[in-house]
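Asks: One structure, as structure tokens, below. Some questions next.
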Amino acid sequence: MEHTASVLGRIPKGKRPRDVNALLAKLESYLTPEQVGQVYAAYEFGADVHEGQRRLSGEPFISHPVAVASLLADLHLDAPTITAAILHDVIEDTPTAKEQLAEQFGREVAALVDGVSKLDRVQFRSRAEAQAESFRKMLLAMADDIRVIMVKLADRTHNMRTLGSVPPAKSRRIARETLDIYAPIANRLGINSMRLELEELGFKALYPYRHRVLERALRRSRGNQRQFMRRIQDRLEKALRKAAIQAEVQGREKHLYSIYRKMQQKGRSLNEIVDVFGLRIVVNSADTCYRVLGIVHSHYRPMPGRFKDYIAIPRINGYQSLHTTLFGPNGLPLEVQIRTEDMDRIAESGIAAHWQYKTGDALGAAPQARAHEWLKGLIDMQGNSEEFLESVKIDLFPDKVYVFTPTGEIRRLPRGATALDFAYSVHTDVGNRCVAAKVDRRLVPLRTQLVTGQSVEILTARGAKPNPAWINFVVTAKARAAIRNYLKNLQRGEARELGRRLLDQALGEFSMSVRKVGRRKLKALTDELALADADELFEKIGLGERLAPLVARRLVAGGDEAEPGRQVEPLSIAGTEGMVVTYARCCFPVPDDPIMGYLSAGRGVVIHRNDCGNLAEYRKQPEKWVAVDWKHKVARRFSVEIRVEVINRLGVLAEVAANIAESNTNIEHVSVVERDGDTSTLIFQLQVSDRRHLEELLNRIRALPDAYKATRSCA
Ligand code: MN
């Protein structure tokens with residue numbers, strides 16, 4: 001600090017550019033010398049990196065960030081914001097990295113500069129109203145620090161002031177963006193001074209002719225009004241003095257853009273709007289406002305239905321004031337606003353007003369926190385007004401992300417949404433056939449969570465299919481429903497195949513098969529069972545809703561004498577049957593274990609070990625049993641549970657686990673139970689390929705000095 005504080009002293013005032021001097025003078029009125037020193041250090045840094053760059057106006061580039069900082073100094077924003085304003089273009093326009101800024105000016109400043117640069121990278125292309133609203137939300141959501149938005153607004157304000165040097169096509173685009181995006185944001189945050197300037201400059205640049213006509217008309221009417229205004233003002237001031245009320249009565253400026261908009265939206269003529277007198281009365285307390293209202297109403301008759309109490313019910317951006325319209329002299333309408341100084345300050349600077357309290361004010365908290373409190377207070381005050389929640393809460397405490405499609409359209413997704421959710425939001429088919437995603441033109445995994453401002457592209461392939469694992473990371477209802485639906489269809493197909501095999505197996509008992517039974521017999525049975533076709537019958541068998549042996553008996557009954565008692569050919573399990581064959585979690589069967597299949601309605605076949613303890617219960621329903629065995633080569637891995645009893649010693653778990661891993665076995669889960677001081681039991685869930693693999697593994701563990709017992713769990 002010592003170093004930066006002395007910077008100012010070392011450079012004689014005369015050697016510093018004039019605009020910098022003016023900025024520093026403003027800052028000295030409310031910042032400490034150390035803070036002013038830091039801003040100056042930022043200026044030197046910026047002047048250095050922008051050296052040789054010029055604005056389109058021909059001025060040295062550094063004049064722009066200095067002007068931006070100066071606008072924010074008028075709002076009394078804090079030192080980090082002013083510093084960031086000076087540096088706001090260095091990341092974008094120069095190779096200076098964020099880390100270097102952090103090192104030199106601290107993390108806070110670096111984060112602010114980075115935030116502004118991020119906003120600079122997104123461009124508004126559409127002209128649709130709804131898209132503009134989305135874009136505003138997007139910008140607010142991207143700026144997780146409200147000060148970033150304020151720097152951006154100041155940046156835009158200065159760019160609008162110097163728009164004259166920009167080529168016409170580009171300047172029109174910037175002007176439109178200013179009116180559609182930035183002025184409404186300033187309005188939402190209540191920063192009235194900036195809002196008015198942005199509107200005025202945007203209007204002038206976009207519609208120069210309309211602007212000129214309106215300006216002339218307004219100037220003329222102002223000349224006519226001056227006399228009247230003076231008289232009304234005098235009369236009210238006198239009345240207030242008589243009531244011993246301290247108040248300031250001001251004539252109110254009319255703004256061209258709001259006149260223009262009223263003409264357009266309400267279809268009123270220029271005279272109707274321009275010939276309205278405006279007055280503002282500022283007092284020192286809220287109840288004085290109501291007293292003033294009474295006095296005003298006793299001098300000029302109020303227009304019915306035109307009184308609004310924004311003190312009791314503030315506008316959504318926090319604006320508070322009393323509004324009333326009176327019949328003025330000659331019957332012309334007279335609009336009066338009555339408010340306190342605090343309300344006036346909020347009306348001018350909105351959220352920025354929270355940086356304007358002097359340190360040591362009653363609210364000792366940091367301005368950031370106060371601004372945040374203010375917003376929260378607004379939310380409470382508004383109850384759960386939907387419009388309000390929509391416009392402020394969601395914008396400033398975002399629970400949505402906004403991303404671009406490759407064509408520049410904006411899509412809104414819930415926070416946490418992944419690239420895959422995006423794909424499904426475009427179209428179910430895009431989601432289902434999605435194979436890869438690009439975020440900002442770089443390939444990313446489909447599970448990547450999206451961040452506001454990114455542009456997302458989905459790559460699809462013909463014949464690509466959803467992966468069941470997707471269900472674990474999508475967050476949108478649409479994606480989830482689409483994947484579930486696909487899995488259900490998939491399961492249906494698998495069930496059909498298994499059902500046919502089960503029926504074949506059961507028919508084998510009668511030396512028959514599905515083929516030998518023939519279509520006609522199948523058709524007769526499905527009609528009898530009120531099923532659509534044989535496929536539906538197979539499906540029901542596969543899902544365990546109909547039992548293959550019973551179906552088989554009905555198919556052969558009535559025919560020739562069946563030959564019962566033949567040995568049933570067991571169904572071969574390959575491990576690739578999909579969702580309709582599952583492996584019991586009680587006994588964890590692995591290939592080469594003697595096994596049985598149990599038909600469970602809706603789930604298909606569940607495979608158990610022959611010696612599974614739970615079988616006793618199932619044995620009561622013999623018709624639900626299916627004879628199964630393992631196919632010769634089963635090319636997948638199966639879960640199995642083992643218990644290892646060990647002597648308690650530091651690192652023993654790690655030792656056993658390392659041994660398991662070395663034997664090319666995946667560990668799915670570990671738990672430790674039964675600690676009795678000297679020994680404990682480790683329970684591992686592993687993936688093995690077959691019985692032999694498991695046996696080798698157990699032997700290997702038994703050979704460890706601290707493991708005195710290793711067995712497979714039995715249910
Ligand atoms: Mn800039």
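Residues are named by chain letter and number: chains run A, B, ... in the order of the structure tokens, numbers start at 1 in each chain, and ligands are numbered from 1 in the order shown.
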What residues have any atom no more than 12 Å from ligand 1 when counting only C-alpha atoms and all ligand atoms, and can you list them as a PyMOL selection string?
Replies: chain A and resi 50+55+61-69+84-93+113+116-117+119-121+151-160+162
Asks: Would you list the contacts of segment 215-230 of chain A as a PyMOL selection string, taking every protein, DNA or RNA residue within 8 Å and counting only C-alpha atoms, but skipping same-chain residues closer than 3 positions in sequence?
Replies: chain A and resi 211-212+233-234+251+256+274-275+277+329
Asks: Those residues with N, CA and C atoms, as a short mmCIF file (atom, residue, chain, number, x, y, z; two decimals), in the first residue's frame please?
Replies:
```
data_model
loop_
_atom_site.label_atom_id
_atom_site.label_comp_id
_atom_site.auth_asym_id
_atom_site.auth_seq_id
_atom_site.Cartn_x
_atom_site.Cartn_y
_atom_site.Cartn_z
N HIS A 211 -36.14 12.28 -33.55
CA HIS A 211 -35.53 12.92 -32.40
C HIS A 211 -35.52 14.43 -32.57
N ARG A 212 -35.11 14.86 -33.78
CA ARG A 212 -34.98 16.29 -34.03
C ARG A 212 -36.35 16.98 -33.92
N GLN A 233 -44.94 27.02 -8.99
CA GLN A 233 -43.86 26.74 -8.05
C GLN A 233 -43.91 27.73 -6.87
N ASP A 234 -44.06 29.03 -7.20
CA ASP A 234 -44.12 30.06 -6.15
C ASP A 234 -45.27 29.80 -5.19
N GLY A 251 -38.83 22.09 -10.95
CA GLY A 251 -39.50 21.79 -12.21
C GLY A 251 -38.93 20.48 -12.73
N LEU A 256 -37.17 12.94 -24.01
CA LEU A 256 -37.64 12.69 -25.37
C LEU A 256 -38.07 11.25 -25.60
N VAL A 274 -46.68 16.53 -24.42
CA VAL A 274 -45.72 17.60 -24.12
C VAL A 274 -46.33 18.66 -23.19
N ASP A 275 -47.63 18.95 -23.38
CA ASP A 275 -48.23 20.00 -22.56
C ASP A 275 -48.65 19.49 -21.19
N PHE A 277 -47.30 19.70 -17.26
CA PHE A 277 -46.30 20.29 -16.37
C PHE A 277 -45.85 19.22 -15.40
N PRO A 329 -53.38 25.48 -13.90
CA PRO A 329 -53.98 26.67 -14.51
C PRO A 329 -54.38 26.33 -15.94
#
```
Asks: Quick one: pick out all strand (DSSP E) residues within segment 434-592 of chain A from a backbone DSSP run and write them as a list in words.
Replies: Cys434, Val435, Ala436, Ala437, Lys438, Val439, Arg442, Leu443, Val444, Val456, Glu457, Ile458, Leu459, Thr460, Leu571, Ser572, Ile573, Val581, Thr582 and Tyr583 of chain A
Asks: Fewer than 2 positions away in the same chain doesn't count, so skip those; otherwise give me all residues within 7 Å of Asp593 of chain A, counting only C-alpha atoms, as a list in words.
Replies: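 Final neighbour list, sorted by chain and number: Pro589, Val590, Pro591, Ile595, Arg609 and Arg691 of chain A.
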Asks: Excluding Leu487 of chain A and residues on its chain fewer than 3 positions from it, collect all residues at most 12 Å away from it, counting only C-alpha atoms, and give them as a count of residues only.
Replies: 22
Asks: Work out how far apart atom CA of Ala286 of chain A and atom CA of Pro333 of chain A are and give it in Å to one decimal.
Replies: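 Interatomic distance here is 24.9 Å.
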Asks: Write out as a PyMOL selection string all residues of segment 142-340 of chain A that backbone DSSP assigns to alpha helix (DSSP H).
Replies: chain A and resi 142+146-161+168-177+183-188+192-206+208-242+256-266+270-274+286-299
Asks: What separation in Å, quoted to one decimal, exists between atom CA of Pro622 of chain A and atom CA of Leu599 of chain A?
Replies: 10.1 Å
Asks: Do you have the atom CA of Phe135 of chain A-atom CA of Arg345 of chain A distance handy?
Replies: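 According to the coordinates, atom CA of Phe135 of chain A and atom CA of Arg345 of chain A are separated by 28.4 Å.
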Asks: Between A:Ala73, A:Ala110, A:Glu51, A:Ala419, which residue has the minimum interatomic distance to Tyr30 of chain A, considering only C-alpha atoms?
Replies: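 The shortest atom-to-atom distance to Tyr30 of chain A comes from A:Ala73.
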Asks: With a distance cut-off of 7 Å and only C-alpha atoms, select the neighbouring residues of Ser572 of chain A, excluding the residue or stretch itself and same-chain residues fewer than 2 positions from it, and output the selection as a ChimeraX atom specification.
Replies: /A:570,574,628-631
Asks: Quick one: of A:Arg520, A:Arg315, A:Arg501, A:Arg235, who's nearest to Gly542 of chain A, counting only C-alpha atoms?
Replies: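 Using only C-alpha atoms, the shortest distance to Gly542 of chain A belongs to A:Arg501.
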